[in-house]
>>> print(open('upload-v9.pdb').read())   # PDB, C-alpha atoms and all ligand atoms
MODEL        1
ATOM      1  CA  MET A   7      -5.050 -15.141 -13.566  1.00  0.00           C
ATOM      2  CA  SER A   8      -7.600 -12.332 -13.944  1.00  0.00           C
ATOM      3  CA  LEU A   9      -8.192 -10.693 -10.568  1.00  0.00           C
ATOM      4  CA  PRO A  10     -11.736 -10.262  -9.192  1.00  0.00           C
ATOM      5  CA  ASP A  11     -12.965  -6.715  -8.608  1.00  0.00           C
ATOM      6  CA  ALA A  12     -13.684  -5.393  -5.136  1.00  0.00           C
ATOM      7  CA  PRO A  13     -15.432  -6.277  -2.945  1.00  0.00           C
ATOM      8  CA  ARG A  14     -13.914  -9.757  -2.743  1.00  0.00           C
ATOM      9  CA  ILE A  15     -15.440 -12.458  -0.556  1.00  0.00           C
ATOM     10  CA  ASN A  16     -13.055 -15.180   0.597  1.00  0.00           C
ATOM     11  CA  PRO A  17     -14.728 -17.917   2.690  1.00  0.00           C
ATOM     12  CA  SER A  18     -12.394 -19.490   5.242  1.00  0.00           C
ATOM     13  CA  ILE A  19     -12.393 -23.284   5.215  1.00  0.00           C
ATOM     14  CA  LEU A  20     -11.410 -23.281   8.873  1.00  0.00           C
ATOM     15  CA  SER A  21     -15.189 -23.502   9.406  1.00  0.00           C
ATOM     16  CA  ALA A  22     -15.674 -26.139   6.685  1.00  0.00           C
ATOM     17  CA  ASP A  23     -16.181 -29.872   7.238  1.00  0.00           C
ATOM     18  CA  PHE A  24     -12.600 -31.175   7.091  1.00  0.00           C
ATOM     19  CA  VAL A  25     -13.900 -34.714   6.444  1.00  0.00           C
ATOM     20  CA  ASN A  26     -15.875 -33.483   3.416  1.00  0.00           C
ATOM     21  CA  MET A  27     -13.490 -30.824   2.196  1.00  0.00           C
ATOM     22  CA  GLN A  28     -14.069 -31.376  -1.540  1.00  0.00           C
ATOM     23  CA  ARG A  29     -17.828 -31.069  -1.033  1.00  0.00           C
ATOM     24  CA  ASP A  30     -17.393 -27.853   0.930  1.00  0.00           C
ATOM     25  CA  LEU A  31     -15.002 -26.411  -1.627  1.00  0.00           C
ATOM     26  CA  GLU A  32     -17.657 -26.960  -4.298  1.00  0.00           C
ATOM     27  CA  ARG A  33     -20.203 -25.189  -2.058  1.00  0.00           C
ATOM     28  CA  ILE A  34     -18.158 -21.957  -2.233  1.00  0.00           C
ATOM     29  CA  ALA A  35     -17.608 -22.010  -5.995  1.00  0.00           C
ATOM     30  CA  GLY A  36     -19.257 -18.555  -6.158  1.00  0.00           C
ATOM     31  CA  ALA A  37     -16.573 -16.974  -3.962  1.00  0.00           C
ATOM     32  CA  ASP A  38     -13.585 -14.962  -5.174  1.00  0.00           C
ATOM     33  CA  PHE A  39     -10.921 -16.947  -3.314  1.00  0.00           C
ATOM     34  CA  VAL A  40     -10.904 -19.739  -0.752  1.00  0.00           C
ATOM     35  CA  HIS A  41      -9.154 -18.602   2.410  1.00  0.00           C
ATOM     36  CA  VAL A  42      -6.934 -21.407   3.696  1.00  0.00           C
ATOM     37  CA  ASP A  43      -5.841 -20.981   7.316  1.00  0.00           C
ATOM     38  CA  VAL A  44      -2.561 -22.794   7.968  1.00  0.00           C
ATOM     39  CA  MET A  45      -1.796 -23.026  11.697  1.00  0.00           C
ATOM     40  CA  ASP A  46       1.233 -24.681  13.332  1.00  0.00           C
ATOM     41  CA  ASN A  47       0.220 -24.791  17.026  1.00  0.00           C
ATOM     42  CA  HIS A  48       3.257 -22.590  17.721  1.00  0.00           C
ATOM     43  CA  PHE A  49       2.628 -19.140  16.274  1.00  0.00           C
ATOM     44  CA  VAL A  50      -1.036 -19.631  17.253  1.00  0.00           C
ATOM     45  CA  PRO A  51      -2.461 -22.133  19.788  1.00  0.00           C
ATOM     46  CA  ASN A  52      -4.182 -24.245  17.131  1.00  0.00           C
ATOM     47  CA  LEU A  53      -3.173 -26.760  14.451  1.00  0.00           C
ATOM     48  CA  THR A  54      -4.808 -27.185  11.040  1.00  0.00           C
ATOM     49  CA  PHE A  55      -2.801 -28.551   8.120  1.00  0.00           C
ATOM     50  CA  GLY A  56       0.410 -28.150   6.146  1.00  0.00           C
ATOM     51  CA  PRO A  57       1.572 -28.143   2.529  1.00  0.00           C
ATOM     52  CA  GLN A  58       0.372 -31.665   1.696  1.00  0.00           C
ATOM     53  CA  MET A  59      -3.238 -30.823   2.512  1.00  0.00           C
ATOM     54  CA  VAL A  60      -2.983 -27.386   0.889  1.00  0.00           C
ATOM     55  CA  GLU A  61      -1.682 -29.085  -2.269  1.00  0.00           C
ATOM     56  CA  ARG A  62      -4.811 -31.302  -2.333  1.00  0.00           C
ATOM     57  CA  ILE A  63      -7.016 -28.256  -1.816  1.00  0.00           C
ATOM     58  CA  GLN A  64      -5.178 -26.501  -4.647  1.00  0.00           C
ATOM     59  CA  ALA A  65      -5.800 -29.494  -6.924  1.00  0.00           C
ATOM     60  CA  THR A  66      -9.550 -29.588  -6.270  1.00  0.00           C
ATOM     61  CA  SER A  67     -10.644 -26.042  -5.452  1.00  0.00           C
ATOM     62  CA  PRO A  68     -12.979 -24.321  -7.936  1.00  0.00           C
ATOM     63  CA  VAL A  69     -11.569 -20.954  -6.841  1.00  0.00           C
ATOM     64  CA  PRO A  70      -7.990 -19.685  -6.312  1.00  0.00           C
ATOM     65  CA  LEU A  71      -6.315 -20.095  -2.934  1.00  0.00           C
ATOM     66  CA  ASP A  72      -5.757 -17.213  -0.511  1.00  0.00           C
ATOM     67  CA  VAL A  73      -3.406 -18.903   1.958  1.00  0.00           C
ATOM     68  CA  HIS A  74      -3.130 -17.326   5.415  1.00  0.00           C
ATOM     69  CA  LEU A  75      -0.008 -18.606   7.190  1.00  0.00           C
ATOM     70  CA  MET A  76      -0.302 -18.453  10.946  1.00  0.00           C
ATOM     71  CA  ILE A  77       3.044 -20.195  11.378  1.00  0.00           C
ATOM     72  CA  SER A  78       6.451 -19.362  12.846  1.00  0.00           C
ATOM     73  CA  ASP A  79       9.562 -19.019  10.675  1.00  0.00           C
ATOM     74  CA  ALA A  80       7.611 -17.699   7.694  1.00  0.00           C
ATOM     75  CA  ASP A  81      10.897 -16.834   5.927  1.00  0.00           C
ATOM     76  CA  ARG A  82      11.602 -20.568   5.663  1.00  0.00           C
ATOM     77  CA  TRP A  83       8.133 -22.027   4.985  1.00  0.00           C
ATOM     78  CA  ALA A  84       6.093 -19.416   3.096  1.00  0.00           C
ATOM     79  CA  PRO A  85       7.785 -19.787  -0.316  1.00  0.00           C
ATOM     80  CA  GLY A  86       6.749 -23.451  -0.455  1.00  0.00           C
ATOM     81  CA  TYR A  87       3.065 -22.480  -0.491  1.00  0.00           C
ATOM     82  CA  ALA A  88       3.682 -20.232  -3.499  1.00  0.00           C
ATOM     83  CA  GLU A  89       5.569 -23.078  -5.182  1.00  0.00           C
ATOM     84  CA  LEU A  90       2.616 -25.457  -4.783  1.00  0.00           C
ATOM     85  CA  GLY A  91       0.429 -23.029  -6.742  1.00  0.00           C
ATOM     86  CA  ALA A  92      -1.435 -20.854  -4.255  1.00  0.00           C
ATOM     87  CA  ALA A  93      -2.658 -17.669  -5.959  1.00  0.00           C
ATOM     88  CA  SER A  94      -1.872 -15.621  -2.855  1.00  0.00           C
ATOM     89  CA  VAL A  95       0.331 -16.271   0.194  1.00  0.00           C
ATOM     90  CA  THR A  96      -0.058 -14.111   3.297  1.00  0.00           C
ATOM     91  CA  PHE A  97       2.409 -14.380   6.162  1.00  0.00           C
ATOM     92  CA  HIS A  98       2.435 -12.574   9.511  1.00  0.00           C
ATOM     93  CA  LEU A  99       4.758  -9.625  10.050  1.00  0.00           C
ATOM     94  CA  GLU A 100       5.344 -10.979  13.562  1.00  0.00           C
ATOM     95  CA  ALA A 101       6.629 -14.302  12.128  1.00  0.00           C
ATOM     96  CA  ALA A 102       9.135 -12.992   9.565  1.00  0.00           C
ATOM     97  CA  VAL A 103      12.766 -11.946  10.048  1.00  0.00           C
ATOM     98  CA  ASP A 104      13.035 -10.126   6.682  1.00  0.00           C
ATOM     99  CA  PRO A 105       9.465  -9.509   5.430  1.00  0.00           C
ATOM    100  CA  ILE A 106      10.518  -7.435   2.404  1.00  0.00           C
ATOM    101  CA  ALA A 107      12.932 -10.080   1.104  1.00  0.00           C
ATOM    102  CA  LEU A 108      10.322 -12.775   1.766  1.00  0.00           C
ATOM    103  CA  ALA A 109       7.635 -10.797  -0.085  1.00  0.00           C
ATOM    104  CA  ARG A 110       9.931 -10.374  -3.097  1.00  0.00           C
ATOM    105  CA  ARG A 111      10.724 -14.104  -3.084  1.00  0.00           C
ATOM    106  CA  ILE A 112       7.029 -15.062  -3.045  1.00  0.00           C
ATOM    107  CA  ARG A 113       6.332 -12.671  -5.926  1.00  0.00           C
ATOM    108  CA  ASP A 114       9.328 -14.027  -7.863  1.00  0.00           C
ATOM    109  CA  ILE A 115       7.834 -17.521  -7.565  1.00  0.00           C
ATOM    110  CA  GLY A 116       4.636 -16.147  -9.123  1.00  0.00           C
ATOM    111  CA  ALA A 117       2.141 -15.737  -6.301  1.00  0.00           C
ATOM    112  CA  ARG A 118       0.541 -12.595  -4.910  1.00  0.00           C
ATOM    113  CA  VAL A 119       1.908 -11.742  -1.477  1.00  0.00           C
ATOM    114  CA  GLY A 120       0.123 -10.511   1.623  1.00  0.00           C
ATOM    115  CA  ILE A 121       1.295  -9.469   5.044  1.00  0.00           C
ATOM    116  CA  ALA A 122      -0.900  -9.904   8.123  1.00  0.00           C
ATOM    117  CA  LEU A 123      -0.988  -7.855  11.323  1.00  0.00           C
ATOM    118  CA  LYS A 124      -2.164  -9.220  14.645  1.00  0.00           C
ATOM    119  CA  PRO A 125      -4.487  -6.820  16.508  1.00  0.00           C
ATOM    120  CA  ASP A 126      -1.659  -5.505  18.709  1.00  0.00           C
ATOM    121  CA  SER A 127       0.704  -4.876  15.766  1.00  0.00           C
ATOM    122  CA  PRO A 128       0.687  -1.277  14.479  1.00  0.00           C
ATOM    123  CA  ALA A 129       0.310  -0.686  10.732  1.00  0.00           C
ATOM    124  CA  GLU A 130       2.610   2.371  10.572  1.00  0.00           C
ATOM    125  CA  GLN A 131       5.661   0.120  10.134  1.00  0.00           C
ATOM    126  CA  LEU A 132       4.258  -0.882   6.715  1.00  0.00           C
ATOM    127  CA  TYR A 133       3.489   2.607   5.401  1.00  0.00           C
ATOM    128  CA  ASP A 134       6.788   3.029   3.532  1.00  0.00           C
ATOM    129  CA  HIS A 135       6.536  -0.460   2.036  1.00  0.00           C
ATOM    130  CA  LEU A 136       2.960  -0.701   0.771  1.00  0.00           C
ATOM    131  CA  ASP A 137       3.989  -1.544  -2.778  1.00  0.00           C
ATOM    132  CA  GLU A 138       6.058  -4.522  -1.655  1.00  0.00           C
ATOM    133  CA  PHE A 139       2.756  -6.285  -0.960  1.00  0.00           C
ATOM    134  CA  ASP A 140      -0.365  -7.063  -2.966  1.00  0.00           C
ATOM    135  CA  GLN A 141      -2.515  -7.300   0.152  1.00  0.00           C
ATOM    136  CA  ILE A 142      -2.390  -6.210   3.784  1.00  0.00           C
ATOM    137  CA  LEU A 143      -4.465  -8.303   6.184  1.00  0.00           C
ATOM    138  CA  VAL A 144      -5.764  -6.462   9.243  1.00  0.00           C
ATOM    139  CA  MET A 145      -6.801  -9.181  11.698  1.00  0.00           C
ATOM    140  CA  THR A 146     -10.094  -8.316  13.358  1.00  0.00           C
ATOM    141  CA  VAL A 147      -9.684 -11.124  15.896  1.00  0.00           C
ATOM    142  CA  GLU A 148      -6.667 -12.627  17.666  1.00  0.00           C
ATOM    143  CA  PRO A 149      -5.557 -15.287  15.153  1.00  0.00           C
ATOM    144  CA  GLY A 150      -6.064 -18.974  15.916  1.00  0.00           C
ATOM    145  CA  PHE A 151      -9.771 -19.728  15.864  1.00  0.00           C
ATOM    146  CA  GLY A 152     -12.941 -19.151  13.873  1.00  0.00           C
ATOM    147  CA  GLY A 153     -16.215 -17.987  15.388  1.00  0.00           C
ATOM    148  CA  GLN A 154     -14.713 -15.166  17.472  1.00  0.00           C
ATOM    149  CA  SER A 155     -16.275 -11.715  17.881  1.00  0.00           C
ATOM    150  CA  PHE A 156     -15.346  -8.912  15.484  1.00  0.00           C
ATOM    151  CA  ARG A 157     -13.041  -6.302  17.041  1.00  0.00           C
ATOM    152  CA  GLU A 158     -14.391  -2.849  16.208  1.00  0.00           C
ATOM    153  CA  ASP A 159     -11.278  -1.310  17.750  1.00  0.00           C
ATOM    154  CA  MET A 160      -9.364  -2.416  14.630  1.00  0.00           C
ATOM    155  CA  MET A 161     -11.302   0.049  12.441  1.00  0.00           C
ATOM    156  CA  PRO A 162      -9.044   3.083  13.109  1.00  0.00           C
ATOM    157  CA  LYS A 163      -6.017   1.004  12.014  1.00  0.00           C
ATOM    158  CA  LEU A 164      -7.860   0.029   8.841  1.00  0.00           C
ATOM    159  CA  SER A 165      -9.016   3.598   8.100  1.00  0.00           C
ATOM    160  CA  ALA A 166      -5.518   4.950   8.574  1.00  0.00           C
ATOM    161  CA  LEU A 167      -4.118   2.297   6.238  1.00  0.00           C
ATOM    162  CA  ARG A 168      -6.734   3.180   3.610  1.00  0.00           C
ATOM    163  CA  ALA A 169      -5.881   6.877   3.902  1.00  0.00           C
ATOM    164  CA  GLU A 170      -2.155   6.160   3.645  1.00  0.00           C
ATOM    165  CA  ALA A 171      -2.610   3.891   0.612  1.00  0.00           C
ATOM    166  CA  ARG A 172      -4.721   6.560  -1.078  1.00  0.00           C
ATOM    167  CA  ARG A 173      -2.206   9.291  -0.224  1.00  0.00           C
ATOM    168  CA  ARG A 174       0.617   7.248  -1.741  1.00  0.00           C
ATOM    169  CA  GLY A 175      -1.428   6.072  -4.750  1.00  0.00           C
ATOM    170  CA  SER A 176      -0.994   2.431  -3.700  1.00  0.00           C
ATOM    171  CA  GLU A 177      -3.218  -0.274  -5.196  1.00  0.00           C
ATOM    172  CA  VAL A 178      -2.659  -2.645  -2.252  1.00  0.00           C
ATOM    173  CA  TRP A 179      -5.727  -4.644  -1.270  1.00  0.00           C
ATOM    174  CA  LEU A 180      -6.890  -4.255   2.337  1.00  0.00           C
ATOM    175  CA  GLN A 181      -8.251  -7.497   3.770  1.00  0.00           C
ATOM    176  CA  VAL A 182     -10.054  -8.125   7.064  1.00  0.00           C
ATOM    177  CA  ASP A 183     -10.314 -11.478   8.763  1.00  0.00           C
ATOM    178  CA  GLY A 184     -12.254 -12.489  11.862  1.00  0.00           C
ATOM    179  CA  GLY A 185     -15.882 -12.079  12.842  1.00  0.00           C
ATOM    180  CA  ILE A 186     -16.906 -10.824   9.392  1.00  0.00           C
ATOM    181  CA  ALA A 187     -20.651 -11.309   8.894  1.00  0.00           C
ATOM    182  CA  PRO A 188     -23.771  -9.307   8.083  1.00  0.00           C
ATOM    183  CA  GLY A 189     -23.676  -6.667  10.822  1.00  0.00           C
ATOM    184  CA  THR A 190     -19.901  -6.263  10.876  1.00  0.00           C
ATOM    185  CA  ILE A 191     -18.885  -6.274   7.184  1.00  0.00           C
ATOM    186  CA  GLU A 192     -20.569  -2.886   6.795  1.00  0.00           C
ATOM    187  CA  GLN A 193     -18.188  -1.058   9.119  1.00  0.00           C
ATOM    188  CA  ALA A 194     -15.149  -2.894   7.770  1.00  0.00           C
ATOM    189  CA  ALA A 195     -16.091  -1.855   4.226  1.00  0.00           C
ATOM    190  CA  ALA A 196     -16.761   1.734   5.297  1.00  0.00           C
ATOM    191  CA  ALA A 197     -13.349   1.823   7.031  1.00  0.00           C
ATOM    192  CA  GLY A 198     -11.634   0.842   3.786  1.00  0.00           C
ATOM    193  CA  ALA A 199     -11.474  -2.958   3.482  1.00  0.00           C
ATOM    194  CA  ASP A 200     -11.988  -4.321  -0.027  1.00  0.00           C
ATOM    195  CA  THR A 201     -11.327  -8.030   0.632  1.00  0.00           C
ATOM    196  CA  PHE A 202     -13.270  -9.968   3.258  1.00  0.00           C
ATOM    197  CA  VAL A 203     -12.646 -13.306   4.911  1.00  0.00           C
ATOM    198  CA  ALA A 204     -15.684 -15.024   6.419  1.00  0.00           C
ATOM    199  CA  GLY A 205     -15.639 -18.518   7.874  1.00  0.00           C
ATOM    200  CA  SER A 206     -18.480 -19.212  10.284  1.00  0.00           C
ATOM    201  CA  ALA A 207     -20.769 -16.655   8.610  1.00  0.00           C
ATOM    202  CA  VAL A 208     -20.504 -18.586   5.325  1.00  0.00           C
ATOM    203  CA  PHE A 209     -20.290 -22.218   6.385  1.00  0.00           C
ATOM    204  CA  GLY A 210     -22.867 -21.654   9.124  1.00  0.00           C
ATOM    205  CA  ALA A 211     -25.418 -20.339   6.615  1.00  0.00           C
ATOM    206  CA  THR A 212     -28.258 -22.531   5.345  1.00  0.00           C
ATOM    207  CA  ASP A 213     -27.805 -21.085   1.841  1.00  0.00           C
ATOM    208  CA  ILE A 214     -24.096 -20.494   1.207  1.00  0.00           C
ATOM    209  CA  ASP A 215     -24.549 -18.917  -2.215  1.00  0.00           C
ATOM    210  CA  ALA A 216     -27.104 -16.467  -0.818  1.00  0.00           C
ATOM    211  CA  ARG A 217     -24.807 -15.602   2.095  1.00  0.00           C
ATOM    212  CA  ILE A 218     -21.835 -14.912  -0.206  1.00  0.00           C
ATOM    213  CA  ALA A 219     -24.072 -12.708  -2.387  1.00  0.00           C
ATOM    214  CA  GLN A 220     -25.389 -10.916   0.719  1.00  0.00           C
ATOM    215  CA  LEU A 221     -21.862 -10.210   2.009  1.00  0.00           C
ATOM    216  CA  ARG A 222     -20.800  -8.918  -1.409  1.00  0.00           C
ATOM    217  CA  SER A 223     -23.872  -6.679  -1.610  1.00  0.00           C
ATOM    218  CA  LEU A 224     -23.372  -5.245   1.893  1.00  0.00           C
ATOM    219  CA  ALA A 225     -19.672  -4.608   1.195  1.00  0.00           C
ATOM    220  CA  THR A 226     -20.596  -2.820  -2.038  1.00  0.00           C
ATOM    221  CA  GLN A 227     -23.262  -0.657  -0.406  1.00  0.00           C
ATOM    222  CA  HIS A 228     -20.931   0.390   2.419  1.00  0.00           C
ATOM    223  CA  ALA A 229     -17.673   0.571   0.487  1.00  0.00           C
ATOM    224  CA  HIS A 230     -15.299   3.316   1.608  1.00  0.00           C
ATOM    225  CA  GLY A 231     -16.390   6.510  -0.092  1.00  0.00           C
ATOM    226  CA  ALA A 232     -19.512   4.882  -1.544  1.00  0.00           C
ATOM    227  CA  ASP A 233     -21.724   7.373   0.280  1.00  0.00           C
ATOM    228  CA  SER A 234     -19.908  10.237  -1.458  1.00  0.00           C
ATOM    229  CA  LEU A 235     -20.632   8.542  -4.800  1.00  0.00           C
ATOM    230  CA  GLY A 236     -24.302   8.143  -3.959  1.00  0.00           C
ATOM    231  CA  VAL A 237     -24.184   4.391  -4.703  1.00  0.00           C
TER     232      VAL A 237
HETATM  233  O1  LIG A 301      -7.388 -16.642  10.405  1.00  0.00           O
HETATM  234  C1  LIG A 301      -8.464 -16.834  10.975  1.00  0.00           C
HETATM  235  C2  LIG A 301      -8.527 -17.185  12.425  1.00  0.00           C
HETATM  236  O2  LIG A 301      -7.229 -17.066  12.964  1.00  0.00           O
HETATM  237  C3  LIG A 301      -9.703 -16.644  10.213  1.00  0.00           C
HETATM  238  O3  LIG A 301      -9.494 -16.812   8.800  1.00  0.00           O
HETATM  239  C4  LIG A 301     -10.916 -17.418  10.692  1.00  0.00           C
HETATM  240  O4  LIG A 301     -11.027 -18.624  10.015  1.00  0.00           O
HETATM  241  C5  LIG A 301     -12.146 -16.572  10.419  1.00  0.00           C
HETATM  242  O5  LIG A 301     -13.259 -17.226  10.947  1.00  0.00           O
HETATM  243  P1  LIG A 301     -14.599 -16.407  11.295  1.00  0.00           P
HETATM  244  O6  LIG A 301     -14.241 -15.407  12.350  1.00  0.00           O
HETATM  245  O7  LIG A 301     -15.023 -15.737  10.004  1.00  0.00           O
HETATM  246  O8  LIG A 301     -15.555 -17.471  11.749  1.00  0.00           O
HETATM  247 FE    FE A 302      -7.407 -16.352   8.247  1.00  0.00          FE
ENDMDL
END
>>> encode(input="upload-v9.pdb", output="structure tokens")
Amino acid sequence: MSLPDAPRINPSILSADFVNMQRDLERIAGADFVHVDVMDNHFVPNLTFGPQMVERIQATSPVPLDVHLMISDADRWAPGYAELGAASVTFHLEAAVDPIALARRIRDIGARVGIALKPDSPAEQLYDHLDEFDQILVMTVEPGFGGQSFREDMMPKLSALRAEARRRGSEVWLQVDGGIAPGTIEQAAAAGADTFVAGSAVFGATDIDARIAQLRSLATQHAHGADSLGV
């Protein structure tokens, strides 16, 4: 699979019409990935779907899957999402017993691997392990629901991660998820994010293609360091 360049826009189908999922997947054909929020009503107080539904999404999606597992016991369940063909599988650091071994297992199966941090989880614990992951997801809301307000207080964590990745020459993608929309994507891009999840901002738009293009344009204009390049 050829990987899309930054900035990447990944609409979350948590805000899609679950009864018309195939229609809504087609509506985001211009996106880089489809962000699939798997919730177990245990790790987070909400329930979405499991591997059977994700397999159907995988079979019909026009874009690769960026699966976000908000589930307990990630060590046991996460590999199965890589095995059903997801391009990327992100699990939560707070839900894994041995995150490094789990990351290696997901990569061995053939998927990209991401690790997600809840707002209260510090990023420093990942600094020595950046290259074990293809993506680090900095949650900009408390996981569990779409339509929440963006948490600006997550920007220092993101900036520090960007600085650390640069210092170590790491190519890890930095993803943000929660409250991303015109008006918030700018500061997330400036702080160092290169991959953006947006649910309600995309599926709540009257013109989805235009909204995806707008988010991509704003992220490009405000990309970390862009001002120094005069872009
Ligand atoms: O993982 C989650 C929520 O826990 C996200 O992926 C949401 O689905 C994002 O929704 P918006 O905040 O963009 O509406
Ligand atoms: Fe998500």
>>> atom_distance(input="upload-v9.pdb", atom1="CA of Val60 in chain A", atom2="CA of Leu99 in chain A")
21.4 Å
>>> atom_distance(input="upload-v9.pdb", atom1="CA of Ser206 in chain A", atom2="CA of Gly120 in chain A")
22.3 Å
>>> resolve_selection(input="upload-v9.pdb", expression="the PyMOL selection byres (((chain A and resi 45) around 9) and not hetatm)", output="NGL selection string")
:A and (43-44 or 46-56 or 74-77 or 150)
>>> resolve_selection(input="upload-v9.pdb", expression="the PyMOL selection byres (((chain A and resi 229) around 12) and not hetatm)", output="PyMOL selection string")
chain A and resi 12-14+165+168+180+191-202+221-228+230-237
>>> resolve_selection(input="upload-v9.pdb", expression="the PyMOL selection byres (((chain A and resi 186) around 9) and not hetatm)", output="ChimeraX atom specification")
/A:146,155-156,182-185,187-191,194,202-207,221
>>> write_last_selection(input="upload-v9.pdb", atoms="C-alpha atoms", output="PDB file, in the frame of the given file")
ATOM      1  CA  THR A 146     -10.094  -8.316  13.358  1.00  0.00           C
ATOM      2  CA  SER A 155     -16.275 -11.715  17.881  1.00  0.00           C
ATOM      3  CA  PHE A 156     -15.346  -8.912  15.484  1.00  0.00           C
ATOM      4  CA  VAL A 182     -10.054  -8.125   7.064  1.00  0.00           C
ATOM      5  CA  ASP A 183     -10.314 -11.478   8.763  1.00  0.00           C
ATOM      6  CA  GLY A 184     -12.254 -12.489  11.862  1.00  0.00           C
ATOM      7  CA  GLY A 185     -15.882 -12.079  12.842  1.00  0.00           C
ATOM      8  CA  ALA A 187     -20.651 -11.309   8.894  1.00  0.00           C
ATOM      9  CA  PRO A 188     -23.771  -9.307   8.083  1.00  0.00           C
ATOM     10  CA  GLY A 189     -23.676  -6.667  10.822  1.00  0.00           C
ATOM     11  CA  THR A 190     -19.901  -6.263  10.876  1.00  0.00           C
ATOM     12  CA  ILE A 191     -18.885  -6.274   7.184  1.00  0.00           C
ATOM     13  CA  ALA A 194     -15.149  -2.894   7.770  1.00  0.00           C
ATOM     14  CA  PHE A 202     -13.270  -9.968   3.258  1.00  0.00           C
ATOM     15  CA  VAL A 203     -12.646 -13.306   4.911  1.00  0.00           C
ATOM     16  CA  ALA A 204     -15.684 -15.024   6.419  1.00  0.00           C
ATOM     17  CA  GLY A 205     -15.639 -18.518   7.874  1.00  0.00           C
ATOM     18  CA  SER A 206     -18.480 -19.212  10.284  1.00  0.00           C
ATOM     19  CA  ALA A 207     -20.769 -16.655   8.610  1.00  0.00           C
ATOM     20  CA  LEU A 221     -21.862 -10.210   2.009  1.00  0.00           C
TER      21      LEU A 221
END
>>> closest_residue(input="upload-v9.pdb", among="A:Thr212, A:Gln141, A:Gln131, A:Asn16", to="ligand LIG 301 (chain A)", atoms="all atoms listed in the file")
A:Asn16
>>> closest_residue(input="upload-v9.pdb", among="A:Pro162, A:Pro17, A:Gln154, A:Ala109", to="Ala211 in chain A", atoms="all atoms listed in the file")
A:Pro17
>>> closest_residue(input="upload-v9.pdb", among="A:Glu138, A:Asp126, A:Asp79, A:Asp72", to="ligand FE 302 (chain A)", atoms="all atoms listed in the file")
A:Asp72
>>> closest_residue(input="upload-v9.pdb", among="A:Leu136, A:Leu108, A:Ile214, A:Met161", to="Glu177 in chain A", atoms="only C-alpha atoms")
A:Leu136
>>> closest_residue(input="upload-v9.pdb", among="A:Leu123, A:Ala171, A:Leu132, A:Ala37", to="Met145 in chain A", atoms="all atoms listed in the file")
A:Leu123
>>> closest_residue(input="upload-v9.pdb", among="A:Leu164, A:Met27, A:Val69, A:Ser78", to="Val103 in chain A", atoms="all atoms listed in the file")
A:Ser78
>>> residues_around(input="upload-v9.pdb", residues="Pro105 in chain A", least_positions_apart="3", cutoff="10 Å", atoms="all atoms listed in the file", output="PyMOL selection string")
chain A and resi 80-81+97-102+108-111+121+138-139
>>> axis_aligned_box(input="upload-v9.pdb", around="ligand LIG 301 (chain A)", padding_each_side="5 Å", output="JSON")
{"center_x": -11.4, "center_y": -17.0, "center_z": 10.9, "size_x": 18.3, "size_y": 13.2, "size_z": 14.2}
>>> atom_distance(input="upload-v9.pdb", atom1="CA of Ala216 in chain A", atom2="CA of Asp11 in chain A")
18.9 Å
>>> decode(input="upload-v9.pdb", residues="range 8-19 of chain A", atoms="N, CA and C atoms", output="short mmCIF file (atom, residue, chain, number, x, y, z; two decimals), in the first residue's frame")
data_model
loop_
_atom_site.label_atom_id
_atom_site.label_comp_id
_atom_site.auth_asym_id
_atom_site.auth_seq_id
_atom_site.Cartn_x
_atom_site.Cartn_y
_atom_site.Cartn_z
N SER A 8 0.62 2.17 -0.95
CA SER A 8 1.40 3.42 -0.93
C SER A 8 0.76 4.33 0.11
N LEU A 9 1.59 4.98 0.92
CA LEU A 9 1.08 5.78 2.03
C LEU A 9 0.83 7.21 1.59
N PRO A 10 -0.29 7.81 2.01
CA PRO A 10 -0.59 9.20 1.64
C PRO A 10 0.35 10.15 2.35
N ASP A 11 0.70 11.24 1.68
CA ASP A 11 1.54 12.27 2.30
C ASP A 11 0.74 13.04 3.35
N ALA A 12 1.50 13.69 4.23
CA ALA A 12 0.87 14.58 5.22
C ALA A 12 0.39 15.84 4.53
N PRO A 13 -0.64 16.52 4.97
CA PRO A 13 -1.48 16.12 6.10
C PRO A 13 -2.50 15.08 5.66
N ARG A 14 -2.82 14.14 6.56
CA ARG A 14 -3.77 13.09 6.26
C ARG A 14 -5.09 13.37 6.99
N ILE A 15 -6.17 13.22 6.29
CA ILE A 15 -7.50 13.45 6.86
C ILE A 15 -8.25 12.13 6.94
N ASN A 16 -8.60 11.75 8.16
CA ASN A 16 -9.22 10.44 8.40
C ASN A 16 -10.60 10.64 9.03
N PRO A 17 -11.67 10.71 8.25
CA PRO A 17 -13.00 10.88 8.85
C PRO A 17 -13.36 9.69 9.74
N SER A 18 -13.98 10.01 10.89
CA SER A 18 -14.40 8.94 11.80
C SER A 18 -15.84 8.57 11.51
N ILE A 19 -16.09 7.29 11.29
CA ILE A 19 -17.47 6.86 10.99
C ILE A 19 -18.31 6.76 12.25
#
